[in-house]
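Pasting structure33.txt here (compact mmCIF, C-alpha atoms):
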# COMPACT_ATOMS: atom_id res chain seq x y z
CA MET A 1 101.90 56.33 52.32
CA ASN A 2 98.27 55.45 53.23
CA ASP A 3 95.44 57.90 53.82
CA GLU A 4 95.79 57.78 57.60
CA GLN A 5 99.51 58.60 57.45
CA THR A 6 98.80 61.44 55.04
CA PHE A 7 96.10 62.79 57.36
CA ASN A 8 98.42 62.62 60.40
CA LYS A 9 101.21 64.34 58.47
CA TRP A 10 98.99 67.26 57.47
CA ARG A 11 97.48 67.39 60.98
CA LEU A 12 100.94 67.72 62.55
CA TRP A 13 101.87 70.37 59.96
CA ASP A 14 98.69 72.31 60.76
CA ILE A 15 99.35 72.18 64.52
CA SER A 16 102.95 73.26 63.97
CA ALA A 17 101.86 76.14 61.74
CA ARG A 18 99.39 77.37 64.35
CA GLU A 19 101.79 77.01 67.29
CA LYS A 20 104.81 78.52 65.59
CA PRO A 21 103.72 82.16 65.97
CA LEU A 22 103.38 81.61 69.74
CA ASN A 23 107.17 81.50 69.92
CA ASP A 24 107.48 84.73 68.00
CA ASP A 25 108.00 87.90 70.06
CA LYS A 26 106.35 89.98 67.36
CA TYR A 27 103.27 87.77 67.45
CA ARG A 28 103.00 87.90 71.24
CA SER A 29 103.47 91.66 71.26
CA GLY A 30 100.73 92.11 68.68
CA LEU A 31 98.43 89.80 70.60
CA ARG A 32 98.94 91.76 73.80
CA PHE A 33 98.23 94.98 71.92
CA ALA A 34 94.99 93.62 70.45
CA ARG A 35 93.79 92.46 73.86
CA ARG A 36 94.79 95.76 75.45
CA ILE A 37 92.77 97.78 72.94
CA TRP A 38 89.70 95.53 73.28
CA LEU A 39 88.45 97.15 76.50
CA PRO A 40 88.61 100.79 75.29
CA ARG A 41 86.95 99.78 72.02
CA THR A 42 84.17 97.87 73.78
CA VAL A 43 83.41 100.63 76.30
CA GLY A 44 83.82 103.38 73.71
CA TYR A 45 81.41 101.75 71.27
CA PHE A 46 78.86 101.22 74.03
CA CYS A 47 79.06 104.95 74.84
CA ASN A 48 78.76 105.69 71.14
CA PHE A 49 75.58 103.60 70.95
CA ILE A 50 73.95 105.85 73.54
CA MET A 51 75.19 108.94 71.73
CA PHE A 52 74.08 107.68 68.30
CA ALA A 53 70.67 106.72 69.62
CA GLY A 54 70.07 110.28 70.78
CA VAL A 55 70.68 111.52 67.23
CA LEU A 56 68.95 108.77 65.26
CA VAL A 57 65.63 109.24 67.03
CA ASP A 58 65.46 112.63 65.33
CA GLN A 59 66.54 111.29 61.91
CA ALA A 60 64.11 110.04 59.28
CA LEU A 61 66.28 107.05 58.40
CA PRO A 62 65.20 103.45 57.67
CA GLY A 63 64.91 101.13 60.66
CA TRP A 64 67.73 98.87 59.50
CA TRP A 65 70.17 101.61 60.49
CA TRP A 66 69.31 100.71 64.09
CA LEU A 67 70.27 97.10 63.41
CA ALA A 68 73.54 98.31 61.88
CA LEU A 69 74.14 100.46 64.96
CA VAL A 70 73.61 97.50 67.30
CA MET A 71 76.03 95.37 65.26
CA TYR A 72 78.54 98.23 65.22
CA ALA A 73 78.37 98.84 68.97
CA PHE A 74 77.98 95.36 70.45
CA VAL A 75 79.40 92.90 67.92
CA TRP A 76 82.29 94.63 66.15
CA PRO A 77 84.59 95.11 69.21
CA HIS A 78 84.54 91.35 69.93
CA LEU A 79 84.80 90.44 66.26
CA ALA A 80 87.83 92.70 65.91
CA LEU A 81 89.54 90.89 68.78
CA GLN A 82 88.79 87.51 67.23
CA ILE A 83 90.22 88.67 63.90
CA ALA A 84 93.44 89.78 65.57
CA GLU A 85 93.77 86.65 67.73
CA ARG A 86 93.29 84.32 64.77
CA SER A 87 95.74 86.20 62.57
CA SER A 88 99.36 85.16 62.18
CA ASP A 89 100.25 88.86 62.54
CA PRO A 90 97.93 90.38 65.20
CA MET A 91 99.57 93.82 65.01
CA THR A 92 98.87 94.15 61.28
CA ALA A 93 95.35 92.80 61.80
CA GLU A 94 94.73 95.39 64.51
CA ARG A 95 96.00 98.12 62.24
CA ARG A 96 93.37 97.04 59.72
CA ASN A 97 90.77 97.02 62.49
CA LEU A 98 91.63 100.62 63.34
CA ILE A 99 91.24 101.55 59.68
CA ILE A 100 87.77 99.97 59.78
CA ASP A 101 87.04 102.00 62.93
CA THR A 102 88.07 105.11 61.04
CA LEU A 103 85.83 104.28 58.08
CA MET A 104 82.93 103.56 60.43
CA ALA A 105 83.49 106.90 62.14
CA GLY A 106 83.26 108.68 58.78
CA VAL A 107 80.00 106.90 57.99
CA GLY A 108 78.74 107.69 61.50
CA ILE A 109 79.40 111.39 61.03
CA ALA A 110 77.37 111.29 57.81
CA ILE A 111 74.54 109.40 59.53
CA MET A 112 74.36 111.99 62.32
CA GLY A 113 74.14 114.78 59.74
CA GLY A 114 77.13 116.65 61.13
CA ASN A 115 75.58 117.05 64.60
CA ALA A 116 78.36 119.04 66.27
CA LEU A 117 79.04 117.44 69.65
CA PRO A 118 78.38 113.76 68.82
CA CYS A 119 80.40 113.98 65.61
CA LEU A 120 83.26 115.71 67.41
CA LEU A 121 83.32 113.09 70.18
CA LEU A 122 83.17 110.19 67.70
CA SER A 123 86.07 111.64 65.75
CA MET A 124 87.98 112.30 68.99
CA MET A 125 87.61 108.70 70.17
CA VAL A 126 88.80 107.17 66.90
CA ASN A 127 91.68 109.63 66.54
CA MET A 128 92.82 108.99 70.13
CA ASN A 129 93.01 105.29 69.32
CA ASN A 130 94.91 105.91 66.10
CA ILE A 131 97.55 108.22 67.54
CA GLY A 132 97.91 106.10 70.68
CA ALA A 133 98.40 102.94 68.65
CA PHE A 134 100.59 103.91 65.70
CA GLY A 135 101.63 107.52 66.10
CA VAL A 136 101.16 110.86 64.37
CA ARG A 137 101.41 109.69 60.76
CA PHE A 138 98.73 107.06 61.24
CA PHE A 139 96.60 109.64 63.04
CA ALA A 140 96.95 112.15 60.18
CA ALA A 141 96.16 109.54 57.55
CA GLY A 142 93.19 108.34 59.61
CA LEU A 143 91.83 111.86 60.03
CA LEU A 144 92.01 112.45 56.28
CA LEU A 145 90.37 109.08 55.57
CA GLN A 146 87.64 109.83 58.11
CA MET A 147 86.81 113.19 56.51
CA MET A 148 86.79 111.73 52.99
CA THR A 149 84.54 108.85 54.06
CA ALA A 150 82.11 111.26 55.70
CA LEU A 151 81.93 113.46 52.59
CA LEU A 152 81.51 110.49 50.23
CA SER A 153 78.84 108.91 52.45
CA VAL A 154 76.58 111.98 52.65
CA PRO A 155 74.93 111.55 49.18
CA PHE A 156 74.20 107.84 49.78
CA ILE A 157 72.82 108.19 53.30
CA ASP A 158 70.87 111.36 52.63
CA ALA A 159 70.55 112.26 56.31
CA PRO A 160 69.29 115.76 57.18
CA PHE A 161 72.17 118.14 57.87
CA ASN A 162 71.88 119.72 61.31
CA VAL A 163 74.86 120.80 63.39
CA THR A 164 72.74 121.80 66.38
CA THR A 165 73.03 119.57 69.43
CA THR A 166 69.87 119.38 71.54
CA PRO A 167 70.00 119.24 75.35
CA LEU A 168 69.02 115.54 75.26
CA GLN A 169 71.78 114.77 72.78
CA PHE A 170 74.23 116.69 74.94
CA PHE A 171 73.43 114.59 78.02
CA LEU A 172 73.53 111.36 75.99
CA SER A 173 77.00 112.38 74.79
CA LEU A 174 78.36 112.76 78.32
CA PRO A 175 79.38 109.06 78.69
CA THR A 176 81.62 109.38 75.64
CA LEU A 177 82.91 112.75 76.83
CA ILE A 178 83.70 111.61 80.38
CA ILE A 179 84.13 107.84 80.51
CA TYR A 180 86.16 107.16 77.38
CA PRO A 181 89.02 109.67 77.95
CA ALA A 182 89.30 108.45 81.55
CA LEU A 183 89.43 104.83 80.39
CA PHE A 184 91.95 105.66 77.67
CA GLY A 185 94.11 107.40 80.26
CA PHE A 186 93.87 104.38 82.56
CA VAL A 187 94.97 102.04 79.76
CA CYS A 188 97.91 104.34 78.97
CA TYR A 189 98.83 104.46 82.67
CA ARG A 190 98.72 100.69 82.97
CA THR A 191 100.85 100.37 79.85
CA ALA A 192 103.38 102.84 81.26
CA VAL A 193 103.56 100.88 84.53
CA ASN A 194 104.11 97.63 82.64
CA LEU A 195 106.82 99.23 80.52
CA ALA A 196 108.54 100.60 83.62
CA GLU A 197 108.46 97.16 85.23
CA HIS A 198 109.76 95.59 82.02
CA LYS A 199 112.57 98.14 81.92
CA ARG A 200 113.42 97.40 85.56
CA ARG A 201 113.61 93.68 84.84
CA LEU A 202 115.80 94.21 81.79
CA GLN A 203 118.10 96.44 83.82
CA GLN A 204 118.29 93.80 86.53
CA ILE A 205 119.06 91.11 83.98
CA SER A 206 121.80 93.26 82.45
CA THR A 207 123.47 94.08 85.79
CA ARG A 208 122.89 91.03 87.99
CA ASP A 209 124.30 87.52 88.00
CA GLY A 210 121.53 85.04 87.33
CA MET A 211 122.58 82.46 89.92
CA THR A 212 123.60 84.55 92.91
CA GLY A 213 121.74 87.83 92.38
CA VAL A 214 124.85 89.93 93.01
CA TYR A 215 126.29 92.23 90.34
CA ASN A 216 127.80 90.63 87.26
CA ARG A 217 131.40 91.36 86.33
CA ARG A 218 130.71 93.98 83.65
CA HIS A 219 128.51 96.12 85.89
CA TRP A 220 130.69 95.54 88.96
CA GLU A 221 133.74 96.85 87.09
CA GLN A 222 131.77 99.96 86.14
CA LEU A 223 131.05 100.53 89.84
CA LEU A 224 134.72 99.91 90.65
CA SER A 225 135.71 102.58 88.13
CA ILE A 226 133.33 105.04 89.82
CA GLU A 227 134.69 104.13 93.26
CA TYR A 228 138.25 104.65 92.03
CA GLU A 229 137.39 108.15 90.78
CA ASN A 230 135.60 109.06 94.03
CA ALA A 231 138.40 107.72 96.24
CA LEU A 232 140.96 109.62 94.18
CA ARG A 233 138.96 112.87 94.20
CA TYR A 234 137.90 112.90 97.85
CA ARG A 235 141.02 111.22 99.28
CA ARG A 236 138.99 108.66 101.16
CA ALA A 237 139.83 105.13 102.24
CA SER A 238 138.52 102.25 100.17
CA THR A 239 139.39 98.58 100.02
CA LEU A 240 139.07 96.04 97.22
CA LEU A 241 138.68 92.28 97.80
CA LEU A 242 139.01 89.33 95.46
CA ILE A 243 137.64 86.05 96.80
CA ASP A 244 138.14 82.61 95.29
CA ILE A 245 136.62 79.27 96.37
CA ASP A 246 139.49 76.87 97.01
CA HIS A 247 139.76 73.77 94.81
CA PHE A 248 136.45 74.51 93.13
CA LYS A 249 137.17 72.28 90.13
CA GLN A 250 137.78 69.40 92.50
CA ILE A 251 134.44 70.08 94.19
CA ASN A 252 132.67 69.85 90.82
CA ASP A 253 134.55 66.72 89.82
CA THR A 254 133.96 64.97 93.15
CA TYR A 255 130.45 66.01 94.14
CA GLY A 256 128.95 67.28 90.91
CA HIS A 257 128.09 70.68 89.49
CA ASP A 258 124.89 70.97 91.53
CA VAL A 259 126.95 70.88 94.74
CA GLY A 260 129.37 73.37 93.20
CA ASP A 261 126.46 75.71 92.49
CA LYS A 262 125.26 75.33 96.08
CA ALA A 263 128.76 76.21 97.32
CA ILE A 264 128.76 79.38 95.19
CA ILE A 265 125.34 80.39 96.52
CA ALA A 266 126.40 79.65 100.12
CA VAL A 267 129.52 81.82 99.83
CA THR A 268 127.38 84.60 98.36
CA GLN A 269 124.93 84.40 101.25
CA TYR A 270 127.70 84.46 103.87
CA LEU A 271 129.24 87.51 102.21
CA GLN A 272 125.87 89.26 102.22
CA LEU A 273 125.26 88.35 105.88
CA THR A 274 128.70 89.49 107.00
CA LEU A 275 129.37 92.60 104.96
CA ARG A 276 127.56 95.92 105.12
CA VAL A 277 124.68 96.80 102.84
CA SER A 278 126.84 99.51 101.29
CA ASP A 279 129.57 97.02 100.32
CA VAL A 280 129.35 96.17 96.61
CA ILE A 281 129.53 92.43 95.90
CA GLY A 282 130.06 91.08 92.40
CA ARG A 283 130.53 87.69 90.86
CA PHE A 284 133.85 88.13 89.11
CA GLY A 285 134.12 84.70 87.54
CA GLY A 286 132.82 81.17 87.86
CA ASP A 287 133.98 80.67 91.46
CA GLU A 288 135.44 84.11 92.08
CA PHE A 289 133.86 87.10 93.81
CA ALA A 290 134.89 90.71 94.18
CA VAL A 291 133.88 93.25 96.82
CA ILE A 292 134.24 97.03 97.03
CA MET A 293 134.31 98.23 100.65
CA SER A 294 134.10 102.01 100.45
CA GLY A 295 135.36 103.96 103.46
CA THR A 296 136.89 100.82 104.95
CA SER A 297 140.45 100.17 106.05
CA PRO A 298 142.22 96.92 105.10
CA GLU A 299 142.24 95.91 108.81
CA SER A 300 138.44 96.10 108.93
CA ALA A 301 138.22 94.13 105.70
CA VAL A 302 140.46 91.40 107.14
CA ALA A 303 138.25 91.22 110.24
CA ALA A 304 135.15 90.84 108.09
CA MET A 305 136.75 88.04 106.07
CA ASP A 306 137.80 86.27 109.27
CA ARG A 307 134.11 86.09 110.20
CA VAL A 308 133.31 84.64 106.79
CA HIS A 309 136.03 82.00 107.24
CA GLU A 310 134.52 81.04 110.62
CA ARG A 311 131.00 80.74 109.22
CA LEU A 312 132.16 78.56 106.34
CA GLN A 313 133.59 76.06 108.85
CA ASN A 314 130.01 75.25 109.91
CA LEU A 315 128.64 75.05 106.36
CA SER A 316 126.90 71.81 105.49
CA ILE A 317 125.68 71.08 101.97
CA ASP A 318 123.17 68.37 101.15
CA ASN A 319 124.64 65.27 99.45
CA ALA A 320 128.14 66.47 100.37
CA ALA A 321 128.48 66.04 104.14
CA SER A 322 132.26 65.68 103.97
CA LEU A 323 132.73 68.83 101.90
CA ASN A 324 134.55 71.69 103.61
CA VAL A 325 134.13 74.87 101.59
CA GLN A 326 137.07 77.24 101.98
CA ILE A 327 137.99 80.54 100.38
CA SER A 328 141.15 82.48 99.65
CA VAL A 329 140.97 86.28 99.83
CA GLY A 330 143.17 88.98 98.38
CA ILE A 331 142.81 92.52 99.76
CA ALA A 332 144.12 95.71 98.18
CA PRO A 333 143.65 99.08 99.89
CA PHE A 334 143.24 102.06 97.60
CA ASN A 335 146.45 103.88 96.82
CA HIS A 336 146.46 107.37 95.32
CA HIS A 337 149.45 106.46 93.17
CA MET A 338 147.47 103.86 91.23
CA LYS A 339 146.96 105.21 87.69
CA ASP A 340 143.58 103.51 87.12
CA TYR A 341 141.15 101.02 88.62
CA GLN A 342 142.76 98.14 86.64
CA GLU A 343 145.95 98.66 88.62
CA TRP A 344 143.91 98.50 91.83
CA LEU A 345 142.33 95.29 90.61
CA LYS A 346 145.73 93.87 89.74
CA ALA A 347 146.96 94.58 93.27
CA ALA A 348 144.04 92.61 94.74
CA ASP A 349 144.75 89.78 92.29
CA LEU A 350 148.38 89.66 93.43
CA ALA A 351 147.21 89.44 97.05
CA LEU A 352 144.85 86.60 96.10
CA TYR A 353 147.69 84.77 94.37
CA LYS A 354 149.77 85.24 97.53
CA ALA A 355 146.99 83.70 99.64
CA LYS A 356 146.75 80.67 97.34
CA LYS A 357 150.51 80.22 97.26
CA ALA A 358 150.67 80.36 101.07
CA GLY A 359 148.33 77.39 101.41
CA ARG A 360 144.82 78.76 100.64
CA ASN A 361 141.96 79.23 103.14
CA ARG A 362 143.47 82.50 104.23
CA THR A 363 143.41 86.27 103.66
CA GLU A 364 146.36 88.27 102.41
CA VAL A 365 146.76 92.03 102.04
CA HIS A 366 148.69 93.62 99.21
CA THR A 367 151.58 95.72 100.38
CA VAL A 368 153.17 98.49 98.35
CA ARG A 369 156.88 98.06 97.95

Output the structure of this file as structure tokens.
Amino acid sequence: MNDEQTFNKWRLWDISAREKPLNDDKYRSGLRFARRIWLPRTVGYFCNFIMFAGVLVDQALPGWWWLALVMYAFVWPHLALQIAERSSDPMTAERRNLIIDTLMAGVGIAIMGGNALPCLLLSMMVNMNNIGAFGVRFFAAGLLLQMMTALLSVPFIDAPFNVTTTPLQFFLSLPTLIIYPALFGFVCYRTAVNLAEHKRRLQQISTRDGMTGVYNRRHWEQLLSIEYENALRYRRASTLLLIDIDHFKQINDTYGHDVGDKAIIAVTQYLQLTLRVSDVIGRFGGDEFAVIMSGTSPESAVAAMDRVHERLQNLSIDNAASLNVQISVGIAPFNHHMKDYQEWLKAADLALYKAKKAGRNRTEVHTVR
């Protein structure tokens, strides 16, 4: 292997090593967290700069403390983000960044000589970040670390101890007192909204069929169980339908699976256009659908399916002009003697079998013998 091949091998390995975390959910979650905390940290440290400045002008400390304050307020928030983004584990890196924030807060309290309001606000800001990021235990550990750092820093900094807050220092503390909690609340609100949307999407994924958008079989059967209990309790009419696309395997074999998918979607759309909004449509199998028509008689269900049959006669699918999509339908009205919803479902399946046996492209109603 020559030098160029060796270089290319290590280059590909390096690219792969850097791109691999991008496919990791943990990495992406940590990266989002680091970017989400960047704005509160940046704004909070800017407010702290104003608050610190009001205290330092009264302190007889060396001028390089001002340089350290500028670095702390205007460089560290962006450096912390870069550290997290370049880490293979952004969440752990951000945890370390918060520990550094806590240490800095302890040093800051010592620098300000225990000045009551600024020290309280600085501690509040850091502790809000800690408890919001990693919970109560991290908050408690951070608070203890902050106090220990402040106590250990006092002899080295040798700042004059003065808990009194002057009027000027009070007004310079107002940005931290007002802006930061509001910003922190906004970030929490935005996070809650995103989580709610994420939960809604997960719920939709778990209950809906990906192709058609109607309920999947598992969730549809849960709704059928509820409908069975309600129909039994309130003695109301309810009708169950099982719908199957005729000769669906032949459609796939002749025209291809893409045409078969289009046929499934078309049948779904015609069902949605014909049936009521309250009727519960589910995809029961590959080419099979199921419908719960609450408060509906079997005669009304037959009339609705007749309209679907008529609409399918005019269906035209691209790349399959000669295709005539037809459906067979089995209808089972609710019967109070059925012991469970599975028996109701079996009755509709028997009616569907009857429709197929009678020549397909038709609707049959289950009759109790």

Which polymer residues, whether protein, DNA or RNA, lie within 12 Å of the coordinate (75.5, 104.0, 73.2) when you count all atoms listed in the file? List them as number ranges by chain, using the chain letters and numbers from the file. A: 42-56, 66, 69-74, 118, 122, 169, 171-176, 179-180

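Closest approach to Trp38 of chain A among A:Leu79, A:Ile178, A:Ile327, A:Leu345: A:Leu79, based on only C-alpha atoms.
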
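Of the residues listed (A:Ile243, A:Ala301, A:Cys188, A:Ile317), A:Ile317 shows the shortest atom-to-atom separation from Ala266 of chain A; distances use all atoms listed in the file.
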
Neighbour list for Val267 of chain A as an MDAnalysis selection string, cut-off 9 Å, only C-alpha atoms, skip fewer than 5 positions in-chain: chainID A and resid 245 262 272 308 312 325 327

Residue selection dump (C-alpha atoms) as a PDB file, in the frame of the given file:
ATOM      1  CA  ILE A 245     136.620  79.270  96.370  1.00  0.00           C
ATOM      2  CA  LYS A 262     125.260  75.330  96.080  1.00  0.00           C
ATOM      3  CA  GLN A 272     125.870  89.260 102.220  1.00  0.00           C
ATOM      4  CA  VAL A 308     133.310  84.640 106.790  1.00  0.00           C
ATOM      5  CA  LEU A 312     132.160  78.560 106.340  1.00  0.00           C
ATOM      6  CA  VAL A 325     134.130  74.870 101.590  1.00  0.00           C
ATOM      7  CA  ILE A 327     137.990  80.540 100.380  1.00  0.00           C
TER       8      ILE A 327
END

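Relative to atom CA of Ala80 of chain A, atom CA of Arg95 of chain A is found at 10.5 Å.
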
What's the 6 Å shell around segment 212-224 of chain A, counting only C-alpha atoms, without same-chain residues fewer than 2 positions away, as number ranges by chain? A: 207-210, 226-227, 265, 282-284
